[in-house]
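Trainee: Quick one, coords.cif (mmCIF, C-alpha atoms):
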```cif
data_coords
#
loop_
_atom_site.label_atom_id
_atom_site.label_comp_id
_atom_site.auth_asym_id
_atom_site.auth_seq_id
_atom_site.Cartn_x
_atom_site.Cartn_y
_atom_site.Cartn_z
CA MET A 1225 136.11 234.51 84.68
CA GLY A 1226 136.84 238.16 84.12
CA LEU A 1227 137.90 239.78 80.86
CA THR A 1228 141.31 239.67 79.27
CA GLU A 1229 143.23 242.89 78.67
CA LYS A 1230 142.42 242.58 74.97
CA GLN A 1231 138.69 242.26 75.73
CA ARG A 1232 138.77 245.25 78.07
CA ASP A 1233 140.48 247.34 75.41
CA GLN A 1234 137.97 246.19 72.80
CA PHE A 1235 134.99 247.17 74.96
CA GLU A 1236 136.51 250.58 75.64
CA ARG A 1237 137.16 251.08 71.92
CA ASP A 1238 133.92 249.68 70.47
CA GLY A 1239 131.37 250.00 73.27
CA VAL A 1240 130.33 246.41 72.56
CA LEU A 1241 131.97 243.10 73.38
CA VAL A 1242 130.90 239.58 72.39
CA VAL A 1243 132.04 236.81 74.76
CA GLU A 1244 131.05 233.40 73.42
CA GLY A 1245 130.62 230.48 75.81
CA PHE A 1246 130.15 232.65 78.88
CA ALA A 1247 127.01 230.88 80.16
CA ASP A 1248 126.85 227.10 80.03
CA THR A 1249 124.09 225.22 78.23
CA ALA A 1250 122.46 223.98 81.43
CA ALA A 1251 122.13 227.51 82.83
CA CYS A 1252 120.56 228.76 79.59
CA LYS A 1253 118.08 225.88 79.54
CA GLU A 1254 117.18 226.52 83.17
CA LEU A 1255 116.18 230.12 82.37
CA ILE A 1256 114.18 228.99 79.34
CA GLU A 1257 112.34 226.43 81.44
CA ARG A 1258 111.69 228.93 84.21
CA SER A 1259 110.24 231.41 81.73
CA ARG A 1260 107.86 228.70 80.52
CA GLU A 1261 106.74 227.97 84.06
CA MET A 1262 106.10 231.65 84.68
CA LEU A 1263 104.09 231.94 81.48
CA GLU A 1264 101.98 228.91 82.36
CA ALA A 1265 101.08 230.57 85.68
CA PHE A 1266 100.37 233.94 84.07
CA GLU A 1267 96.67 234.75 83.68
CA PRO A 1268 96.31 238.19 82.10
CA GLU A 1269 93.70 240.44 83.68
CA SER A 1270 94.59 243.19 81.21
CA VAL A 1271 96.71 243.35 78.07
CA SER A 1272 99.90 245.41 77.86
CA VAL A 1273 101.64 245.49 74.49
CA PHE A 1274 105.33 246.26 74.11
CA THR A 1275 106.33 248.05 70.93
CA ALA A 1276 109.47 249.98 70.07
CA HIS A 1277 107.78 251.78 67.16
CA GLU A 1278 105.32 253.99 69.06
CA GLN A 1279 107.99 255.74 71.09
CA THR A 1280 105.86 258.81 71.65
CA ARG A 1281 102.93 256.88 73.07
CA THR A 1282 101.96 256.98 76.73
CA PRO A 1283 102.75 253.61 78.31
CA ASP A 1284 100.11 252.15 80.58
CA ASP A 1285 100.42 251.93 84.36
CA TYR A 1286 101.06 248.19 84.11
CA PHE A 1287 104.32 249.04 82.33
CA LEU A 1288 105.25 252.09 84.39
CA GLU A 1289 104.81 250.23 87.68
CA SER A 1290 106.90 247.22 86.64
CA GLY A 1291 110.27 248.39 88.00
CA ASP A 1292 109.92 246.33 91.17
CA LYS A 1293 107.60 243.64 89.82
CA VAL A 1294 107.47 240.74 87.37
CA ARG A 1295 105.13 241.55 84.50
CA PHE A 1296 104.33 240.23 81.04
CA PHE A 1297 104.12 242.19 77.80
CA PHE A 1298 102.58 240.97 74.55
CA GLU A 1299 103.91 241.26 71.02
CA GLU A 1300 102.32 244.00 68.94
CA ASP A 1301 101.39 241.49 66.21
CA ALA A 1302 99.98 238.87 68.58
CA PHE A 1303 96.31 239.86 68.19
CA LEU A 1304 93.55 239.43 65.65
CA PRO A 1305 91.32 242.42 64.78
CA ASP A 1306 88.76 241.28 67.37
CA GLY A 1307 91.39 241.43 70.13
CA SER A 1308 91.86 237.69 70.53
CA LEU A 1309 95.27 236.07 70.33
CA LYS A 1310 96.39 234.66 66.99
CA GLN A 1311 98.13 231.78 68.72
CA ALA A 1312 98.86 230.33 72.14
CA LYS A 1313 99.71 232.65 75.02
CA GLU A 1314 103.23 231.26 75.31
CA LEU A 1315 103.88 232.19 71.66
CA SER A 1316 102.44 235.70 71.99
CA ILE A 1317 104.52 237.29 74.77
CA ASN A 1318 107.23 239.79 73.83
CA LYS A 1319 109.03 239.96 77.16
CA ILE A 1320 108.91 239.60 80.93
CA GLY A 1321 110.22 242.46 83.09
CA HIS A 1322 111.64 244.12 85.05
CA ALA A 1323 112.68 242.75 88.45
CA MET A 1324 113.10 238.99 88.01
CA HIS A 1325 116.72 239.33 89.13
CA ASP A 1326 115.44 240.34 92.59
CA LEU A 1327 112.13 238.48 92.85
CA ASP A 1328 112.75 235.09 91.27
CA PRO A 1329 115.44 232.79 92.71
CA VAL A 1330 116.30 231.19 89.35
CA PHE A 1331 116.85 234.53 87.64
CA SER A 1332 118.64 235.93 90.68
CA SER A 1333 121.06 233.01 90.73
CA PHE A 1334 121.83 233.43 87.01
CA SER A 1335 122.27 237.20 87.40
CA ARG A 1336 124.55 237.13 90.44
CA THR A 1337 127.70 235.13 89.95
CA PRO A 1338 131.37 235.78 90.73
CA ASP A 1339 132.09 235.67 86.99
CA LEU A 1340 129.61 238.49 86.26
CA ALA A 1341 130.93 240.50 89.21
CA ALA A 1342 134.43 240.14 87.77
CA VAL A 1343 133.28 241.32 84.34
CA ALA A 1344 131.54 244.33 85.90
CA ALA A 1345 134.76 245.27 87.69
CA ASP A 1346 136.74 244.85 84.48
CA VAL A 1347 134.54 247.35 82.61
CA GLY A 1348 134.99 249.92 85.35
CA PHE A 1349 132.27 249.41 87.94
CA VAL A 1350 133.20 250.17 91.54
CA ASP A 1351 129.82 249.60 93.20
CA PRO A 1352 127.62 247.97 90.54
CA LYS A 1353 123.87 247.77 91.09
CA LEU A 1354 121.49 245.60 89.08
CA LEU A 1355 118.76 247.97 87.91
CA GLN A 1356 116.44 245.94 85.68
CA SER A 1357 116.10 242.59 83.97
CA MET A 1358 114.22 241.45 80.88
CA TYR A 1359 113.46 238.03 79.41
CA ILE A 1360 113.02 238.58 75.67
CA PHE A 1361 111.27 235.92 73.58
CA LYS A 1362 111.56 237.26 69.99
CA GLN A 1363 108.76 234.93 69.01
CA PRO A 1364 108.71 232.92 65.76
CA SER A 1365 107.00 234.73 62.87
CA ILE A 1366 105.75 237.68 64.98
CA GLY A 1367 108.85 238.77 66.92
CA GLY A 1368 108.94 242.54 66.70
CA GLU A 1369 111.75 244.83 65.59
CA VAL A 1370 113.42 246.91 68.31
CA THR A 1371 114.38 250.17 66.62
CA CYS A 1372 117.83 251.69 67.01
CA HIS A 1373 118.30 253.20 70.45
CA GLN A 1374 120.74 253.87 73.29
CA ASP A 1375 120.04 252.21 76.65
CA SER A 1376 120.98 255.35 78.60
CA THR A 1377 117.98 257.04 76.97
CA PHE A 1378 115.78 254.82 79.13
CA LEU A 1379 118.11 254.16 82.11
CA TYR A 1380 119.87 257.48 82.62
CA THR A 1381 122.28 258.19 85.44
CA ASP A 1382 124.45 261.21 86.24
CA PRO A 1383 127.19 260.57 85.30
CA MET A 1384 126.08 258.04 82.71
CA SER A 1385 127.01 254.54 83.81
CA CYS A 1386 124.55 252.05 82.31
CA VAL A 1387 125.92 248.84 80.80
CA GLY A 1388 123.75 246.05 79.39
CA PHE A 1389 124.64 242.42 80.05
CA TRP A 1390 122.77 240.56 77.26
CA PHE A 1391 122.75 236.77 77.10
CA ALA A 1392 121.82 234.66 74.08
CA LEU A 1393 119.83 231.74 75.51
CA GLU A 1394 119.25 230.41 72.00
CA ASP A 1395 121.29 230.95 68.84
CA ALA A 1396 120.74 234.47 67.51
CA THR A 1397 121.02 234.77 63.72
CA LEU A 1398 120.15 237.17 60.95
CA GLU A 1399 117.05 235.10 60.26
CA ASN A 1400 115.58 235.21 63.79
CA GLY A 1401 116.42 238.80 64.72
CA CYS A 1402 119.94 239.04 66.14
CA LEU A 1403 121.37 242.21 67.64
CA TRP A 1404 123.04 244.84 65.46
CA ALA A 1405 125.37 247.50 66.89
CA GLU A 1406 127.49 250.47 65.83
CA PRO A 1407 131.06 249.81 67.02
CA GLY A 1408 132.48 253.03 68.44
CA GLY A 1409 129.06 254.68 68.43
CA HIS A 1410 129.16 255.05 72.23
CA ARG A 1411 131.53 257.99 71.75
CA GLY A 1412 128.71 259.97 70.16
CA PRO A 1413 126.16 262.00 72.12
CA LEU A 1414 123.12 260.70 73.93
CA ARG A 1415 120.25 261.65 71.63
CA LYS A 1416 117.20 261.50 73.90
CA LEU A 1417 115.87 260.96 77.40
CA PHE A 1418 112.71 258.93 77.98
CA LYS A 1419 111.14 260.14 81.21
CA ARG A 1420 107.95 260.56 83.16
CA ALA A 1421 106.04 263.66 82.12
CA PRO A 1422 104.99 266.19 84.78
CA GLY A 1423 101.31 265.72 83.93
CA GLY A 1424 101.45 261.93 83.82
CA GLY A 1425 102.58 259.43 81.24
CA THR A 1426 105.94 259.77 79.55
CA GLU A 1427 107.78 261.97 77.09
CA PHE A 1428 111.03 262.16 75.15
CA GLU A 1429 113.43 265.03 75.69
CA THR A 1430 115.76 265.65 72.74
CA LEU A 1431 119.38 266.19 73.75
CA SER A 1432 121.05 266.02 70.34
CA ASP A 1433 119.87 266.19 66.73
CA ALA A 1434 122.60 263.79 65.59
CA PRO A 1435 120.76 260.98 63.79
CA LEU A 1436 120.98 257.43 65.06
CA PRO A 1437 122.18 254.79 62.59
CA GLU A 1438 119.56 253.13 60.44
CA PRO A 1439 119.50 249.59 59.07
CA GLY A 1440 121.32 249.54 55.76
CA ASP A 1441 123.34 252.72 56.22
CA GLY A 1442 126.58 250.80 56.79
CA ARG A 1443 127.18 251.82 60.39
CA LEU A 1444 125.52 248.86 62.09
CA VAL A 1445 127.05 245.38 62.11
CA PRO A 1446 125.20 242.14 62.95
CA LEU A 1447 126.05 240.22 66.11
CA GLU A 1448 125.19 236.62 65.31
CA THR A 1449 125.77 234.75 68.55
CA PRO A 1450 125.43 231.13 69.65
CA ALA A 1451 123.55 230.23 72.82
CA GLY A 1452 125.59 230.99 75.92
CA THR A 1453 127.12 234.18 74.53
CA LEU A 1454 127.37 237.31 76.68
CA VAL A 1455 127.16 240.63 74.84
CA LEU A 1456 128.20 243.76 76.74
CA LEU A 1457 126.54 246.97 75.54
CA HIS A 1458 127.69 250.42 76.63
CA GLY A 1459 124.74 252.61 77.60
CA GLN A 1460 125.47 255.14 74.84
CA LEU A 1461 125.97 252.52 72.12
CA PRO A 1462 123.38 252.64 69.31
CA HIS A 1463 121.97 249.17 68.68
CA TYR A 1464 118.82 247.46 67.46
CA SER A 1465 117.39 244.07 66.59
CA GLY A 1466 115.42 243.11 63.54
CA PRO A 1467 112.06 241.37 63.42
CA ASN A 1468 111.81 237.59 63.60
CA ARG A 1469 109.85 236.19 60.68
CA SER A 1470 111.54 232.80 60.88
CA PRO A 1471 110.03 229.66 62.44
CA ARG A 1472 112.62 229.71 65.27
CA SER A 1473 112.47 231.75 68.46
CA ARG A 1474 115.40 233.85 69.74
CA HIS A 1475 115.22 233.81 73.52
CA ALA A 1476 117.55 236.19 75.36
CA TYR A 1477 117.98 237.56 78.86
CA SER A 1478 119.42 240.94 79.78
CA VAL A 1479 120.38 242.74 82.96
CA HIS A 1480 121.23 246.43 83.05
CA VAL A 1481 123.78 247.59 85.61
CA ILE A 1482 124.50 251.11 86.89
CA GLU A 1483 127.08 252.59 89.24
CA GLY A 1484 125.89 252.69 92.83
CA ASP A 1485 126.89 256.29 93.56
CA ALA A 1486 125.58 257.73 90.28
CA GLY A 1487 122.54 259.99 90.44
CA TYR A 1488 119.30 258.31 89.37
CA PRO A 1489 116.67 260.95 88.47
CA ASP A 1490 113.14 260.77 89.82
CA GLU A 1491 111.84 261.39 86.29
CA ASN A 1492 113.35 258.18 84.91
CA TRP A 1493 110.48 255.98 83.76
CA LEU A 1494 111.70 252.94 85.71
CA GLN A 1495 111.28 253.39 89.44
CA ARG A 1496 110.94 251.04 92.38
CA GLY A 1497 109.64 251.36 95.91
CA ASP A 1498 111.79 252.18 98.91
CA ASP A 1499 111.19 248.66 100.20
CA MET A 1500 113.23 247.21 97.32
CA PRO A 1501 116.59 249.02 97.12
CA LEU A 1502 118.97 248.13 94.32
CA ARG A 1503 121.42 245.31 95.02
CA GLY A 1504 124.76 244.38 93.54
CA PHE A 1505 126.12 241.01 92.46
CA ALA A 1506 126.50 239.65 96.00
#
```
Could you express the structure from this file as structure tokens?
Mentor:
Amino acid sequence: MGLTEKQRDQFERDGVLVVEGFADTAACKELIERSREMLEAFEPESVSVFTAHEQTRTPDDYFLESGDKVRFFFEEDAFLPDGSLKQAKELSINKIGHAMHDLDPVFSSFSRTPDLAAVAADVGFVDPKLLQSMYIFKQPSIGGEVTCHQDSTFLYTDPMSCVGFWFALEDATLENGCLWAEPGGHRGPLRKLFKRAPGGGTEFETLSDAPLPEPGDGRLVPLETPAGTLVLLHGQLPHYSGPNRSPRSRHAYSVHVIEGDAGYPDENWLQRGDDMPLRGFA
């Protein structure tokens, strides 16, 4: 199930494409159930918090070494002042990342299908490689905002080639923190690079002073999507998601794909060992 000519033209024009009904209900439920099994088995020895607000902070080694592992990251608002969790572990995790598509058979099977390979070819990939995967919980009441960003800031290649394949596993609405995107914004410049700093940790390098869109400025449109929807996101497309203060979760799964012959800098934050080379859809 590749894309129609109209869909290909729309993605080229807008940098974002919403394809409803791409993944069937059973496949979505299987990923949700697998994430629950993984969480049940997870016993944290240390706490790593994911936040998109402190983008100048130095991430911990647990995060920086996750490119070829399966690791768990807590919501920023999951903890009481004394450091204990406000609620159950399974309602406190922000996301799982970043190599489930290679290390877990359920996620690998979902991520590698002829239909997805056809879509990748239709958006221009010649030798697509699956770079990273994320299971995003967007927990009820405490699901954090992800501020406006461009994926190529974090997953840079030369030439730029990153495309996000984002799947709604549950209905995504305005109330539970759906995606917002700037149609056509991928034609603007890449604003920043997020990379490993020479002395350790990470840093942002500013490439352009052009401001990213902000919620309420009229440039971002909401992408309310039913479960099973695939959203394609060009790597230079500005997008964000709001917080979830509703009583309903907004589970999603995303895979980022890059071109196989594109240069991947050593200073990119996400790295993996030589024993786990990137693979395509086969």
Trainee: Once the PyMOL selection byres ((chain A and resi 1324) around 10) is applied to the coordinates I shared, what remains selected? I want it as a PyMOL selection string.
Mentor: chain A and resi 1291-1295+1320-1323+1325-1332+1335+1356-1359+1479
Trainee: Could you spell out the hits of the PyMOL selection byres ((chain A and resi 1393-1409) around 9) on the shown file, as a PyMOL selection string?
Mentor: chain A and resi 1236-1240+1247+1249+1251-1253+1255-1256+1362-1365+1367-1369+1372+1391-1392+1410-1413+1437+1439+1443-1453+1457+1460-1477
Trainee: Could you list, as a list in words, every residue within 12 Å of Ala1341 (chain A), counting only C-alpha atoms and ignoring same-chain residues fewer than 2 positions away?
Mentor: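 Counting only C-alpha atoms, the residues come to Met1225, Gly1226, Leu1227, Phe1334, Ser1335, Arg1336, Thr1337, Pro1338, Asp1339, Val1343, Ala1344, Ala1345, Asp1346, Val1347, Gly1348, Phe1349, Val1350, Asp1351, Pro1352, Lys1353, Leu1354, Phe1389, Val1481, Gly1504, Phe1505 and Ala1506 of chain A.
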Trainee: Can those selected residues be exported to a file as a short mmCIF file (atom, residue, chain, number, x, y, z; two decimals), keeping the file's coordinate frame so that it contains C-alpha atoms?
Mentor:
```
data_model
loop_
_atom_site.label_atom_id
_atom_site.label_comp_id
_atom_site.auth_asym_id
_atom_site.auth_seq_id
_atom_site.Cartn_x
_atom_site.Cartn_y
_atom_site.Cartn_z
CA MET A 1225 136.11 234.51 84.68
CA GLY A 1226 136.84 238.16 84.12
CA LEU A 1227 137.90 239.78 80.86
CA PHE A 1334 121.83 233.43 87.01
CA SER A 1335 122.27 237.20 87.40
CA ARG A 1336 124.55 237.13 90.44
CA THR A 1337 127.70 235.13 89.95
CA PRO A 1338 131.37 235.78 90.73
CA ASP A 1339 132.09 235.67 86.99
CA VAL A 1343 133.28 241.32 84.34
CA ALA A 1344 131.54 244.33 85.90
CA ALA A 1345 134.76 245.27 87.69
CA ASP A 1346 136.74 244.85 84.48
CA VAL A 1347 134.54 247.35 82.61
CA GLY A 1348 134.99 249.92 85.35
CA PHE A 1349 132.27 249.41 87.94
CA VAL A 1350 133.20 250.17 91.54
CA ASP A 1351 129.82 249.60 93.20
CA PRO A 1352 127.62 247.97 90.54
CA LYS A 1353 123.87 247.77 91.09
CA LEU A 1354 121.49 245.60 89.08
CA PHE A 1389 124.64 242.42 80.05
CA VAL A 1481 123.78 247.59 85.61
CA GLY A 1504 124.76 244.38 93.54
CA PHE A 1505 126.12 241.01 92.46
CA ALA A 1506 126.50 239.65 96.00
#
```
Trainee: Leaving out Val1243 (chain A) and any residue of its chain fewer than 3 positions from it, which residues lie within 8 Å of it when counting all atoms listed in the file, given as JSON, numbers by chain?
Mentor: {"A": [1246, 1453, 1454, 1455]}
Trainee: Please produce a file of those selected residues containing C-alpha atoms, as a compact mmCIF listing (two decimals), keeping the file's coordinate frame.
Mentor:
```txt
# COMPACT_ATOMS: atom_id res chain seq x y z
CA PHE A 1246 130.15 232.65 78.88
CA THR A 1453 127.12 234.18 74.53
CA LEU A 1454 127.37 237.31 76.68
CA VAL A 1455 127.16 240.63 74.84
```
Trainee: Find the distance between CA of Pro1435 (chain A) and CA of Phe1378 (chain A) and write it in Å to one decimal.
Mentor: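 It comes out at 17.3 Å.
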Trainee: Find the residue from A:Glu1264, A:Glu1429, A:Glu1491, A:Glu1438 that sits nearest to Thr1371 (chain A); use all atoms listed in the file when measuring.
Mentor: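 Of all the options, A:Glu1438 lies closest to Thr1371 (chain A).
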Trainee: Provide the CA of Arg1260 (chain A) to CA of Gln1311 (chain A) distance in Å, to one decimal place.
Mentor: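 The value is 15.6 Å.
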Trainee: Grab the CA of Asp1485 (chain A) to CA of Leu1502 (chain A) distance for me, in Å with one decimal place.
Mentor: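 Those two atoms sit 11.4 Å apart.
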Trainee: May I have the residues within 7 Å of Glu1427 (chain A) as a JSON list (two decimals) with C-alpha atoms, in the coordinates of the input, using all atoms listed in the file and disregarding those fewer than 3 positions away in the same chain?
Mentor:
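Contents of the output file around-v4.json:
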```
[["chain", "number", "residue", "atom", "x", "y", "z"],
["A", 1280, "THR", "CA", 105.86, 258.81, 71.65],
["A", 1418, "PHE", "CA", 112.71, 258.93, 77.98],
["A", 1419, "LYS", "CA", 111.14, 260.14, 81.21],
["A", 1420, "ARG", "CA", 107.95, 260.56, 83.16],
["A", 1421, "ALA", "CA", 106.04, 263.66, 82.12]]
```
Trainee: Ranking A:Glu1289, A:Asp1375, A:Glu1483, A:Asp1233 by minimum distance to Gln1495 (chain A) and counting all atoms listed in the file, which one comes first?
Mentor: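 Among the listed residues, the smallest separation from Gln1495 (chain A) belongs to A:Glu1289.
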Trainee: Could you add N, CA and C atoms to region 1381-1407 of chain A and give me the result as a PDB file, in the frame of the given file?
Mentor:
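Generated file (rebuild-v3.pdb):
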```
ATOM      1  N   THR A1381     121.679 257.824  84.157  1.00  0.00           N
ATOM      2  CA  THR A1381     122.280 258.190  85.440  1.00  0.00           C
ATOM      3  C   THR A1381     123.211 259.380  85.219  1.00  0.00           C
ATOM      4  N   ASP A1382     123.536 260.065  86.289  1.00  0.00           N
ATOM      5  CA  ASP A1382     124.450 261.210  86.240  1.00  0.00           C
ATOM      6  C   ASP A1382     125.597 260.995  87.231  1.00  0.00           C
ATOM      7  N   PRO A1383     126.805 260.703  86.717  1.00  0.00           N
ATOM      8  CA  PRO A1383     127.190 260.570  85.300  1.00  0.00           C
ATOM      9  C   PRO A1383     126.646 259.284  84.704  1.00  0.00           C
ATOM     10  N   MET A1384     126.615 259.230  83.373  1.00  0.00           N
ATOM     11  CA  MET A1384     126.080 258.040  82.710  1.00  0.00           C
ATOM     12  C   MET A1384     126.937 256.825  83.037  1.00  0.00           C
ATOM     13  N   SER A1385     126.268 255.724  83.379  1.00  0.00           N
ATOM     14  CA  SER A1385     127.010 254.540  83.810  1.00  0.00           C
ATOM     15  C   SER A1385     126.393 253.230  83.348  1.00  0.00           C
ATOM     16  N   CYS A1386     125.273 253.271  82.655  1.00  0.00           N
ATOM     17  CA  CYS A1386     124.550 252.050  82.310  1.00  0.00           C
ATOM     18  C   CYS A1386     125.351 251.146  81.373  1.00  0.00           C
ATOM     19  N   VAL A1387     125.364 249.858  81.681  1.00  0.00           N
ATOM     20  CA  VAL A1387     125.920 248.840  80.800  1.00  0.00           C
ATOM     21  C   VAL A1387     124.923 247.676  80.756  1.00  0.00           C
ATOM     22  N   GLY A1388     124.633 247.197  79.553  1.00  0.00           N
ATOM     23  CA  GLY A1388     123.750 246.050  79.390  1.00  0.00           C
ATOM     24  C   GLY A1388     124.543 244.760  79.326  1.00  0.00           C
ATOM     25  N   PHE A1389     124.098 243.764  80.095  1.00  0.00           N
ATOM     26  CA  PHE A1389     124.640 242.420  80.050  1.00  0.00           C
ATOM     27  C   PHE A1389     123.578 241.547  79.365  1.00  0.00           C
ATOM     28  N   TRP A1390     123.774 241.240  78.094  1.00  0.00           N
ATOM     29  CA  TRP A1390     122.770 240.560  77.260  1.00  0.00           C
ATOM     30  C   TRP A1390     123.243 239.151  76.979  1.00  0.00           C
ATOM     31  N   PHE A1391     122.388 238.176  77.261  1.00  0.00           N
ATOM     32  CA  PHE A1391     122.750 236.770  77.100  1.00  0.00           C
ATOM     33  C   PHE A1391     121.898 236.111  76.025  1.00  0.00           C
ATOM     34  N   ALA A1392     122.537 235.479  75.063  1.00  0.00           N
ATOM     35  CA  ALA A1392     121.820 234.660  74.080  1.00  0.00           C
ATOM     36  C   ALA A1392     121.513 233.311  74.721  1.00  0.00           C
ATOM     37  N   LEU A1393     120.238 233.031  74.960  1.00  0.00           N
ATOM     38  CA  LEU A1393     119.830 231.740  75.510  1.00  0.00           C
ATOM     39  C   LEU A1393     119.595 230.725  74.410  1.00  0.00           C
ATOM     40  N   GLU A1394     119.327 231.221  73.212  1.00  0.00           N
ATOM     41  CA  GLU A1394     119.250 230.410  72.000  1.00  0.00           C
ATOM     42  C   GLU A1394     120.122 231.084  70.951  1.00  0.00           C
ATOM     43  N   ASP A1395     120.487 230.351  69.909  1.00  0.00           N
ATOM     44  CA  ASP A1395     121.290 230.950  68.840  1.00  0.00           C
ATOM     45  C   ASP A1395     120.562 232.159  68.260  1.00  0.00           C
ATOM     46  N   ALA A1396     121.291 233.257  68.111  1.00  0.00           N
ATOM     47  CA  ALA A1396     120.740 234.470  67.510  1.00  0.00           C
ATOM     48  C   ALA A1396     121.379 234.662  66.137  1.00  0.00           C
ATOM     49  N   THR A1397     120.542 234.702  65.106  1.00  0.00           N
ATOM     50  CA  THR A1397     121.020 234.770  63.720  1.00  0.00           C
ATOM     51  C   THR A1397     120.338 235.917  62.986  1.00  0.00           C
ATOM     52  N   LEU A1398     120.809 236.160  61.772  1.00  0.00           N
ATOM     53  CA  LEU A1398     120.150 237.170  60.950  1.00  0.00           C
ATOM     54  C   LEU A1398     118.698 236.814  60.704  1.00  0.00           C
ATOM     55  N   GLU A1399     118.417 235.531  60.597  1.00  0.00           N
ATOM     56  CA  GLU A1399     117.050 235.100  60.260  1.00  0.00           C
ATOM     57  C   GLU A1399     116.080 235.302  61.424  1.00  0.00           C
ATOM     58  N   ASN A1400     116.535 235.115  62.671  1.00  0.00           N
ATOM     59  CA  ASN A1400     115.580 235.210  63.790  1.00  0.00           C
ATOM     60  C   ASN A1400     115.752 236.471  64.626  1.00  0.00           C
ATOM     61  N   GLY A1401     116.415 237.486  64.081  1.00  0.00           N
ATOM     62  CA  GLY A1401     116.420 238.800  64.720  1.00  0.00           C
ATOM     63  C   GLY A1401     117.555 239.051  65.682  1.00  0.00           C
ATOM     64  N   CYS A1402     118.793 238.801  65.264  1.00  0.00           N
ATOM     65  CA  CYS A1402     119.940 239.040  66.140  1.00  0.00           C
ATOM     66  C   CYS A1402     120.141 240.537  66.390  1.00  0.00           C
ATOM     67  N   LEU A1403     120.986 240.836  67.371  1.00  0.00           N
ATOM     68  CA  LEU A1403     121.370 242.210  67.640  1.00  0.00           C
ATOM     69  C   LEU A1403     122.221 242.769  66.495  1.00  0.00           C
ATOM     70  N   TRP A1404     122.120 244.074  66.304  1.00  0.00           N
ATOM     71  CA  TRP A1404     123.040 244.840  65.460  1.00  0.00           C
ATOM     72  C   TRP A1404     123.557 246.004  66.305  1.00  0.00           C
ATOM     73  N   ALA A1405     124.804 246.414  66.091  1.00  0.00           N
ATOM     74  CA  ALA A1405     125.370 247.500  66.890  1.00  0.00           C
ATOM     75  C   ALA A1405     126.319 248.337  66.040  1.00  0.00           C
ATOM     76  N   GLU A1406     126.563 249.559  66.504  1.00  0.00           N
ATOM     77  CA  GLU A1406     127.490 250.470  65.830  1.00  0.00           C
ATOM     78  C   GLU A1406     128.789 250.538  66.629  1.00  0.00           C
ATOM     79  N   PRO A1407     129.808 249.758  66.267  1.00  0.00           N
ATOM     80  CA  PRO A1407     131.060 249.810  67.020  1.00  0.00           C
ATOM     81  C   PRO A1407     131.637 251.228  67.052  1.00  0.00           C
TER      82      PRO A1407
END
```
